[in-house]
Amino acid sequence: MLDSKFVRENPDLVDKAMASRNTTWPRQEFLELEQSRRELIGQVEELQAKRNASSKEIGSLMKAGQKDEAGKMREEVVKINEAIEGFNFQLSEVEEKLHHILSGMPNIPGEHCPLGKDETENVEVFKWGEPTQFDFEPKAHWDLGDELGIFDFERASKIAMSRFALLGGLGAKLERALINFMLDFLTKEGFKEWWPPAIANADTLFGTGQLPKFEEDLFHVDKGMYLIPTAEVVLTNIHRDETLSAEDLPLWYTAFTPCFREEAGSAGRDTRGLIRLHQFDKVEMVKFAKPEDSDNQLDHMTKQAGLVLETLGLPYRIINLVTGDIGFSARQTFDLEVWLPSYNDYKEISSCSNCGDFQARRANIRYKDPENFKGTRYVHTLNGSGLAVGRTMAAIIENYQQADGSIKVPDALVPYMGGIEYITAQ
RNA sequence: GGAGGAAUGGCAGAGUGGUUGAAUGCGGCGGUCUCGAAAACCGUUUAACUUUAAAUGAAAGUUACGAGGGUUCGAAUCCCUCUUCCUCCGCCA
């Protein structure tokens, strides 16, 4: 959520920011509501001050035994209360409208986020390795997985519905190996591992920005509860309504969770294989940082995600997303894209974002630093995939496929696969 | 699922209708004392918002004692609902 005060004091800047994200905001309405909000607060508070003073006086009159005087004042206060009630009603209506506008506005892009209208203008900033070369015709992971007997999408559909996966044998083992490898890697980097709930309430989803605007993307469990679309949601909300100490920052958290997404509006896209499922596994990184440190933390986090790919020997590139392509809560985002032979292209496998104080304001996550400033400030929150497990498996299967249809297990994963070096037909 | 109890400032813990934003203790910060430290003593110590003044320090006001609603001229204090935690019983991976 944007700072109401900042928005009303910098409407031109907000205009530019919204335009750069291909969206608009009700500038005139917002400014008028802000104005009347402050006027109403003034009126309410003035009356409340009067009431407080009179009530005190009634108290002392009663003690002094001057009942008639006290009775008169009572009648006056009753009138004051009626007036307060009227203004308060108006005020709550205004505040509700303001909250509605503000909670639907995306973050303002940061200074390092390049201006651009859509993903075609994204900027490649780093590349590791080269697209894998084959001396045979490479297959897609869904065909390989089928032939190896490690995927069963038909039965997954029978059990649940389309866009769910059923992994068997070494497929299931590979999923587990990847999760453990990633968690071990990140905890060695210094991340603290968590095991969070996979269901969250509405306040939590509001805190990270999924609600109220993107409810249709979420799986609804029960009234007010949702399956998490990413561990970012729960890891970030660990500190909701808390005030942290400067000396604790930055905090680096990681967790493995299943992730659930409705994928409304993506019908027909990535319909085959492990790329776009309603349920998928992900190891997530979340950082809480001081404002002046968050850009560095984003760079570092992006490198850390890259190291996971490098350790697995998967060619990838890093993209700096333009203003028109970054997500709702982000002020800057680096995507990591892994080489996927079946797409003959790079495909997103991690997204690392700096949300600035946008989520912290929604979730009320602040910190104190008495040596540098008085009072409290909002922290900056960051999140990144480290990595999406299903897409990593797809990338491994495709990039490590052999002419005979088997899959070589990346060296780093062999210990996690119980010494198995090749996945062959089951 | 059944029966009880609790929820107050960083922590502990007073406070059952009228200068209580909140006693007291601990912790934190500043000071006195000391070569220095400890002890002792003195002072200080919440947040959000509004306005004014200005620039990171201030003044005035409003709100906040788990959350929401109600009673009242006035509520931490009375009533209702919800949430969370604790104890006991039942059930269970």
# chains A, B, ... in the order shown; residues from 1 in each chain; ligands from 1
>>> interface_residues(of="chain A", to="chain B", cutoff="6 Å", atoms="only C-alpha atoms (C1' of nucleotides)", output="mmCIF file with N, CA and C atoms, in the first residue's frame")
data_model
loop_
_atom_site.group_PDB
_atom_site.id
_atom_site.type_symbol
_atom_site.label_atom_id
_atom_site.label_comp_id
_atom_site.auth_asym_id
_atom_site.auth_seq_id
_atom_site.Cartn_x
_atom_site.Cartn_y
_atom_site.Cartn_z
ATOM 1 N N GLU A 45 -12.392 15.916 16.121
ATOM 2 C CA GLU A 45 -11.476 16.044 17.261
ATOM 3 C C GLU A 45 -11.778 17.288 18.092
ATOM 4 N N SER A 55 -17.023 16.637 30.319
ATOM 5 C CA SER A 55 -17.219 15.451 31.146
ATOM 6 C C SER A 55 -16.414 15.542 32.432
ATOM 7 N N GLY A 59 -17.845 15.788 36.339
ATOM 8 C CA GLY A 59 -17.311 15.007 37.449
ATOM 9 C C GLY A 59 -17.068 15.855 38.680
ATOM 10 N N ARG A 74 -24.747 18.068 31.096
ATOM 11 C CA ARG A 74 -25.053 16.768 30.497
ATOM 12 C C ARG A 74 -25.830 16.922 29.206
ATOM 13 N N VAL A 77 -23.630 18.016 26.440
ATOM 14 C CA VAL A 77 -22.753 16.966 25.921
ATOM 15 C C VAL A 77 -23.539 15.993 25.046
#
>>> residues_around(residues="Arg240 of chain A", least_positions_apart="4", cutoff="9 Å", atoms="only C-alpha atoms (C1' of nucleotides)", output="list of chain:residue names")
A:Thr204, A:Gly207, A:Thr236, A:Ala360, A:Arg362, A:Ala363, A:Asn364, A:Ile365, A:Arg366
>>> write_last_selection(atoms="C-alpha atoms", output="PDB file, in the first residue's frame")
ATOM      1  CA  THR A 204      -2.275 -12.396   5.760  1.00  0.00           C
ATOM      2  CA  GLY A 207      -0.520  -8.034   3.939  1.00  0.00           C
ATOM      3  CA  THR A 236       6.487 -12.199   5.106  1.00  0.00           C
ATOM      4  CA  ALA A 360       5.359  -3.574   5.239  1.00  0.00           C
ATOM      5  CA  ARG A 362      -0.025  -3.251   4.562  1.00  0.00           C
ATOM      6  CA  ALA A 363       1.226  -5.788   7.087  1.00  0.00           C
ATOM      7  CA  ASN A 364       2.431  -3.184   9.579  1.00  0.00           C
ATOM      8  CA  ILE A 365       6.016  -4.442   9.874  1.00  0.00           C
ATOM      9  CA  ARG A 366       8.274  -1.795  11.325  1.00  0.00           C
TER      10      ARG A 366
END
>>> residues_around(residues="Trp128 of chain A", least_positions_apart="6", cutoff="7 Å", atoms="only C-alpha atoms (C1' of nucleotides)", output="PyMOL selection string")
chain A and resi 315-317
>>> write_last_selection(atoms="C-alpha atoms", output="PDB file, in the first residue's frame")
ATOM      1  CA  PRO A 315      21.965 -22.380 -18.301  1.00  0.00           C
ATOM      2  CA  TYR A 316      20.024 -19.256 -17.408  1.00  0.00           C
ATOM      3  CA  ARG A 317      19.793 -15.531 -17.813  1.00  0.00           C
TER       4      ARG A 317
END
>>> atom_distance(atom1="atom CA of Phe191 of chain A", atom2="atom CA of Phe288 of chain A")
11.6 Å
>>> select_by_dssp(residues="segment 146-373 of chain A", states="strand (DSSP E)", output="number ranges by chain")
A: 192-194, 199-201, 220-222, 225-227, 242-245, 251-260, 279-289, 316-320, 332-340, 345-354, 365-368
>>> select_by_dssp(residues="segment 265-397 of chain A", states="alpha helix (DSSP H)", output="PyMOL selection string")
chain A and resi 294-311+358-363+389-397
>>> write_last_selection(atoms="N, CA and C atoms", output="mmCIF file, in the first residue's frame")
data_model
loop_
_atom_site.group_PDB
_atom_site.id
_atom_site.type_symbol
_atom_site.label_atom_id
_atom_site.label_comp_id
_atom_site.auth_asym_id
_atom_site.auth_seq_id
_atom_site.Cartn_x
_atom_site.Cartn_y
_atom_site.Cartn_z
ATOM 1 N N SER A 294 18.004 -2.266 0.908
ATOM 2 C CA SER A 294 17.169 -3.242 0.206
ATOM 3 C C SER A 294 17.592 -3.459 -1.246
ATOM 4 N N ASP A 295 18.117 -2.435 -1.910
ATOM 5 C CA ASP A 295 18.587 -2.637 -3.289
ATOM 6 C C ASP A 295 19.731 -3.650 -3.325
ATOM 7 N N ASN A 296 20.666 -3.513 -2.377
ATOM 8 C CA ASN A 296 21.764 -4.482 -2.290
ATOM 9 C C ASN A 296 21.245 -5.882 -2.006
ATOM 10 N N GLN A 297 20.269 -5.957 -1.099
ATOM 11 C CA GLN A 297 19.719 -7.268 -0.748
ATOM 12 C C GLN A 297 19.058 -7.924 -1.946
ATOM 13 N N LEU A 298 18.428 -7.121 -2.798
ATOM 14 C CA LEU A 298 17.810 -7.679 -3.998
ATOM 15 C C LEU A 298 18.881 -8.240 -4.933
ATOM 16 N N ASP A 299 19.945 -7.466 -5.138
ATOM 17 C CA ASP A 299 21.030 -7.964 -5.989
ATOM 18 C C ASP A 299 21.568 -9.288 -5.446
ATOM 19 N N HIS A 300 21.776 -9.303 -4.135
ATOM 20 C CA HIS A 300 22.348 -10.492 -3.505
ATOM 21 C C HIS A 300 21.406 -11.688 -3.634
ATOM 22 N N MET A 301 20.124 -11.434 -3.391
ATOM 23 C CA MET A 301 19.145 -12.514 -3.459
ATOM 24 C C MET A 301 19.065 -13.089 -4.877
ATOM 25 N N THR A 302 19.147 -12.204 -5.861
ATOM 26 C CA THR A 302 19.108 -12.662 -7.250
ATOM 27 C C THR A 302 20.319 -13.540 -7.546
ATOM 28 N N LYS A 303 21.477 -13.117 -7.027
ATOM 29 C CA LYS A 303 22.692 -13.934 -7.211
ATOM 30 C C LYS A 303 22.520 -15.291 -6.544
ATOM 31 N N GLN A 304 21.902 -15.282 -5.353
ATOM 32 C CA GLN A 304 21.736 -16.541 -4.621
ATOM 33 C C GLN A 304 20.843 -17.516 -5.388
ATOM 34 N N ALA A 305 19.791 -16.987 -5.990
ATOM 35 C CA ALA A 305 18.939 -17.844 -6.818
ATOM 36 C C ALA A 305 19.730 -18.364 -8.007
ATOM 37 N N GLY A 306 20.564 -17.476 -8.591
ATOM 38 C CA GLY A 306 21.391 -17.878 -9.728
ATOM 39 C C GLY A 306 22.361 -18.995 -9.363
ATOM 40 N N LEU A 307 22.903 -18.916 -8.135
ATOM 41 C CA LEU A 307 23.856 -19.934 -7.694
ATOM 42 C C LEU A 307 23.205 -21.310 -7.614
ATOM 43 N N VAL A 308 21.930 -21.343 -7.261
ATOM 44 C CA VAL A 308 21.227 -22.626 -7.216
ATOM 45 C C VAL A 308 21.236 -23.244 -8.615
ATOM 46 N N LEU A 309 20.948 -22.416 -9.615
ATOM 47 C CA LEU A 309 20.931 -22.906 -10.995
ATOM 48 C C LEU A 309 22.330 -23.311 -11.459
ATOM 49 N N GLU A 310 23.326 -22.516 -11.091
ATOM 50 C CA GLU A 310 24.693 -22.820 -11.511
ATOM 51 C C GLU A 310 25.162 -24.131 -10.889
ATOM 52 N N THR A 311 24.814 -24.327 -9.627
ATOM 53 C CA THR A 311 25.223 -25.560 -8.956
ATOM 54 C C THR A 311 24.575 -26.773 -9.613
ATOM 55 N N PHE A 358 6.022 -1.290 0.635
ATOM 56 C CA PHE A 358 4.645 -1.485 0.170
ATOM 57 C C PHE A 358 3.918 -2.564 0.978
ATOM 58 N N GLN A 359 4.562 -3.716 1.140
ATOM 59 C CA GLN A 359 3.945 -4.789 1.935
ATOM 60 C C GLN A 359 4.049 -4.473 3.422
ATOM 61 N N ALA A 360 5.158 -3.869 3.812
ATOM 62 C CA ALA A 360 5.359 -3.574 5.239
ATOM 63 C C ALA A 360 4.269 -2.631 5.747
ATOM 64 N N ARG A 361 3.832 -1.716 4.899
ATOM 65 C CA ARG A 361 2.781 -0.802 5.330
ATOM 66 C C ARG A 361 1.455 -1.555 5.444
ATOM 67 N N ARG A 362 1.197 -2.449 4.487
ATOM 68 C CA ARG A 362 -0.025 -3.251 4.562
ATOM 69 C C ARG A 362 -0.011 -4.169 5.779
ATOM 70 N N ALA A 363 1.139 -4.785 6.023
ATOM 71 C CA ALA A 363 1.226 -5.788 7.087
ATOM 72 C C ALA A 363 1.699 -5.177 8.406
ATOM 73 N N VAL A 389 10.269 -25.681 -7.895
ATOM 74 C CA VAL A 389 10.823 -27.041 -7.959
ATOM 75 C C VAL A 389 10.392 -27.764 -9.236
ATOM 76 N N GLY A 390 9.113 -27.646 -9.595
ATOM 77 C CA GLY A 390 8.619 -28.345 -10.788
ATOM 78 C C GLY A 390 9.319 -27.884 -12.059
ATOM 79 N N ARG A 391 9.487 -26.589 -12.187
ATOM 80 C CA ARG A 391 10.153 -26.078 -13.383
ATOM 81 C C ARG A 391 11.632 -26.469 -13.394
ATOM 82 N N THR A 392 12.219 -26.560 -12.186
ATOM 83 C CA THR A 392 13.610 -27.009 -12.110
ATOM 84 C C THR A 392 13.720 -28.456 -12.574
ATOM 85 N N MET A 393 12.752 -29.282 -12.158
ATOM 86 C CA MET A 393 12.761 -30.673 -12.591
ATOM 87 C C MET A 393 12.605 -30.755 -14.109
ATOM 88 N N ALA A 394 11.712 -29.956 -14.658
ATOM 89 C CA ALA A 394 11.523 -29.933 -16.111
ATOM 90 C C ALA A 394 12.828 -29.561 -16.804
ATOM 91 N N ALA A 395 13.508 -28.553 -16.249
ATOM 92 C CA ALA A 395 14.748 -28.083 -16.865
ATOM 93 C C ALA A 395 15.833 -29.157 -16.792
ATOM 94 N N ILE A 396 15.888 -29.857 -15.652
ATOM 95 C CA ILE A 396 16.892 -30.915 -15.510
ATOM 96 C C ILE A 396 16.615 -32.044 -16.495
ATOM 97 N N ILE A 397 15.357 -32.469 -16.543
ATOM 98 C CA ILE A 397 15.015 -33.576 -17.436
ATOM 99 C C ILE A 397 15.360 -33.231 -18.884
#
>>> residues_around(residues="U71 of chain B", least_positions_apart="3", cutoff="12 Å", atoms="only C-alpha atoms (C1' of nucleotides)", output="PDB file with N, CA and C atoms (P, O5', C5', C4', C3', O3' and C1' of nucleotides), in the first residue's frame")
ATOM      1  P     G B  17     -16.239   1.186  40.949  1.00  0.00           P
ATOM      2  O5'   G B  17     -16.400   1.992  39.592  1.00  0.00           O
ATOM      3  C5'   G B  17     -15.433   2.055  38.539  1.00  0.00           C
ATOM      4  C4'   G B  17     -15.696   3.225  37.684  1.00  0.00           C
ATOM      5  C3'   G B  17     -15.966   4.554  38.354  1.00  0.00           C
ATOM      6  O3'   G B  17     -14.712   5.209  38.507  1.00  0.00           O
ATOM      7  C1'   G B  17     -17.244   4.264  36.342  1.00  0.00           C
ATOM      8  P     G B  74     -21.206   9.857  27.181  1.00  0.00           P
ATOM      9  O5'   G B  74     -19.938   9.780  28.140  1.00  0.00           O
ATOM     10  C5'   G B  74     -18.776  10.519  27.804  1.00  0.00           C
ATOM     11  C4'   G B  74     -17.751  10.404  28.901  1.00  0.00           C
ATOM     12  C3'   G B  74     -17.333   8.983  29.250  1.00  0.00           C
ATOM     13  O3'   G B  74     -16.347   8.521  28.352  1.00  0.00           O
ATOM     14  C1'   G B  74     -17.775  10.184  31.221  1.00  0.00           C
ATOM     15  P     A B  75     -16.270   6.952  27.998  1.00  0.00           P
ATOM     16  O5'   A B  75     -15.768   6.306  29.363  1.00  0.00           O
ATOM     17  C5'   A B  75     -14.425   6.455  29.847  1.00  0.00           C
ATOM     18  C4'   A B  75     -13.886   5.086  30.188  1.00  0.00           C
ATOM     19  C3'   A B  75     -13.814   4.207  28.949  1.00  0.00           C
ATOM     20  O3'   A B  75     -12.525   4.154  28.352  1.00  0.00           O
ATOM     21  C1'   A B  75     -15.099   3.136  30.704  1.00  0.00           C
ATOM     22  P     C B  78     -15.559  -4.634  34.802  1.00  0.00           P
ATOM     23  O5'   C B  78     -17.088  -4.251  34.545  1.00  0.00           O
ATOM     24  C5'   C B  78     -18.002  -4.131  35.626  1.00  0.00           C
ATOM     25  C4'   C B  78     -19.386  -3.904  35.084  1.00  0.00           C
ATOM     26  C3'   C B  78     -19.741  -4.752  33.859  1.00  0.00           C
ATOM     27  O3'   C B  78     -20.205  -6.027  34.243  1.00  0.00           O
ATOM     28  C1'   C B  78     -20.300  -2.496  33.431  1.00  0.00           C
ATOM     29  P     C B  79     -19.951  -7.277  33.287  1.00  0.00           P
ATOM     30  O5'   C B  79     -21.016  -7.041  32.129  1.00  0.00           O
ATOM     31  C5'   C B  79     -22.412  -7.089  32.407  1.00  0.00           C
ATOM     32  C4'   C B  79     -23.186  -6.893  31.128  1.00  0.00           C
ATOM     33  C3'   C B  79     -22.757  -7.782  29.967  1.00  0.00           C
ATOM     34  O3'   C B  79     -23.341  -9.072  30.045  1.00  0.00           O
ATOM     35  C1'   C B  79     -22.948  -5.557  29.214  1.00  0.00           C
ATOM     36  P     C B  80     -22.536 -10.336  29.410  1.00  0.00           P
ATOM     37  O5'   C B  80     -22.763 -10.125  27.844  1.00  0.00           O
ATOM     38  C5'   C B  80     -24.056 -10.213  27.279  1.00  0.00           C
ATOM     39  C4'   C B  80     -23.997  -9.923  25.801  1.00  0.00           C
ATOM     40  C3'   C B  80     -23.002 -10.753  25.006  1.00  0.00           C
ATOM     41  O3'   C B  80     -23.507 -12.034  24.677  1.00  0.00           O
ATOM     42  C1'   C B  80     -22.791  -8.479  24.392  1.00  0.00           C
TER      43        C B  80
END
>>> closest_residue(among="B:G5, B:G21, B:G10, B:G90", to="A76 of chain B", atoms="only C-alpha atoms (C1' of nucleotides)")
B:G21
>>> residues_around(residues="segment 17-33 of chain A", least_positions_apart="3", cutoff="10 Å", atoms="only C-alpha atoms (C1' of nucleotides)", output="PyMOL selection string")
chain A and resi 4+7-9+11-14+36-39+91+93-95+97-99+101-102+104-110+114-118+322-328
>>> write_last_selection(atoms="C-alpha atoms", output="PDB file, in the first residue's frame")
ATOM      1  CA  SER A   4      -1.559   8.251   1.740  1.00  0.00           C
ATOM      2  CA  VAL A   7       0.248  10.286  -2.638  1.00  0.00           C
ATOM      3  CA  ARG A   8      -1.566  13.488  -1.759  1.00  0.00           C
ATOM      4  CA  GLU A   9       1.684  15.461  -1.714  1.00  0.00           C
ATOM      5  CA  PRO A  11       0.103  13.394  -7.276  1.00  0.00           C
ATOM      6  CA  ASP A  12       2.142  14.168 -10.402  1.00  0.00           C
ATOM      7  CA  LEU A  13       4.718  11.578  -9.482  1.00  0.00           C
ATOM      8  CA  VAL A  14       1.973   9.039  -8.852  1.00  0.00           C
ATOM      9  CA  SER A  36     -12.528  16.036   3.311  1.00  0.00           C
ATOM     10  CA  ARG A  37     -11.056  13.291   5.441  1.00  0.00           C
ATOM     11  CA  ARG A  38      -8.756  15.751   7.116  1.00  0.00           C
ATOM     12  CA  GLU A  39     -11.469  18.340   7.516  1.00  0.00           C
ATOM     13  CA  LEU A  91     -15.611  10.138   8.126  1.00  0.00           C
ATOM     14  CA  GLU A  93     -17.490   6.508   4.634  1.00  0.00           C
ATOM     15  CA  VAL A  94     -14.679   8.680   3.322  1.00  0.00           C
ATOM     16  CA  GLU A  95     -12.022   6.484   4.879  1.00  0.00           C
ATOM     17  CA  LYS A  97     -13.462   4.879  -0.053  1.00  0.00           C
ATOM     18  CA  LEU A  98      -9.871   5.994   0.421  1.00  0.00           C
ATOM     19  CA  HIS A  99      -8.842   2.562   1.639  1.00  0.00           C
ATOM     20  CA  ILE A 101      -8.662   3.193  -3.762  1.00  0.00           C
ATOM     21  CA  LEU A 102      -5.322   2.853  -2.011  1.00  0.00           C
ATOM     22  CA  GLY A 104      -6.031  -1.396  -5.208  1.00  0.00           C
ATOM     23  CA  MET A 105      -3.105   0.755  -6.322  1.00  0.00           C
ATOM     24  CA  PRO A 106       0.169  -1.003  -7.217  1.00  0.00           C
ATOM     25  CA  ASN A 107       3.576  -0.054  -5.889  1.00  0.00           C
ATOM     26  CA  ILE A 108       5.554   2.794  -7.433  1.00  0.00           C
ATOM     27  CA  PRO A 109       8.442   1.408  -9.535  1.00  0.00           C
ATOM     28  CA  GLY A 110      11.887   2.004  -8.078  1.00  0.00           C
ATOM     29  CA  PRO A 114      13.646   0.406 -16.387  1.00  0.00           C
ATOM     30  CA  LEU A 115      10.801   2.220 -18.070  1.00  0.00           C
ATOM     31  CA  GLY A 116       8.994   0.009 -20.562  1.00  0.00           C
ATOM     32  CA  LYS A 117       5.491  -0.944 -21.586  1.00  0.00           C
ATOM     33  CA  ASP A 118       5.585  -4.747 -21.521  1.00  0.00           C
ATOM     34  CA  VAL A 322      10.397  -3.075 -16.962  1.00  0.00           C
ATOM     35  CA  THR A 323       7.806  -0.918 -15.223  1.00  0.00           C
ATOM     36  CA  GLY A 324       5.017  -2.367 -17.352  1.00  0.00           C
ATOM     37  CA  ASP A 325       5.825  -5.950 -16.374  1.00  0.00           C
ATOM     38  CA  ILE A 326       6.582  -5.952 -12.645  1.00  0.00           C
ATOM     39  CA  GLY A 327       4.051  -7.354 -10.184  1.00  0.00           C
ATOM     40  CA  PHE A 328       1.573  -5.444  -8.067  1.00  0.00           C
TER      41      PHE A 328
END
>>> closest_atom_pairs(of="segment 186-216 of chain A", to="segment 243-260 of chain A", cutoff="9 Å", atoms="only C-alpha atoms", output="Markdown table")
| residue | atom | partner | partner_atom | distance |
| --- | --- | --- | --- | --- |
| A:Leu186 | CA | A:Thr254 | CA | 7.3 |
| A:Thr187 | CA | A:Thr254 | CA | 7.7 |
| A:Gly190 | CA | A:Trp252 | CA | 7.0 |
| A:Phe191 | CA | A:Trp252 | CA | 4.7 |
| A:Lys192 | CA | A:Tyr253 | CA | 4.8 |
| A:Glu193 | CA | A:Thr254 | CA | 4.9 |
| A:Trp194 | CA | A:Ala255 | CA | 5.0 |
| A:Trp195 | CA | A:Ala255 | CA | 6.0 |
| A:Pro196 | CA | A:Ala255 | CA | 7.4 |
| A:Pro197 | CA | A:Thr257 | CA | 8.4 |
| A:Ala198 | CA | A:Thr257 | CA | 6.8 |
>>> residues_around(residues="Glu85 of chain A", least_positions_apart="6", cutoff="12 Å", atoms="only C-alpha atoms (C1' of nucleotides)", output="ChimeraX atom specification")
/A:40,43-45,47-48,78-79,91-92
>>> residues_around(residues="G66 of chain B", least_positions_apart="3", cutoff="12 Å", atoms="only C-alpha atoms (C1' of nucleotides)", output="ChimeraX atom specification")
/B:6-8,82-85
>>> closest_residue(among="B:G13, B:A40, B:C33, B:U20", to="C65 of chain B", atoms="only C-alpha atoms (C1' of nucleotides)")
B:U20
>>> closest_residue(among="A:Glu292, A:Asp203, A:Glu130, A:Glu262", to="Met161 of chain A", atoms="only C-alpha atoms")
A:Glu262
>>> closest_residue(among="B:C86, B:A37, B:U77, B:C92", to="G15 of chain B", atoms="only C-alpha atoms (C1' of nucleotides)")
B:U77
>>> atom_distance(atom1="atom CA of Ile150 of chain A", atom2="atom CA of Asp270 of chain A")
19.4 Å
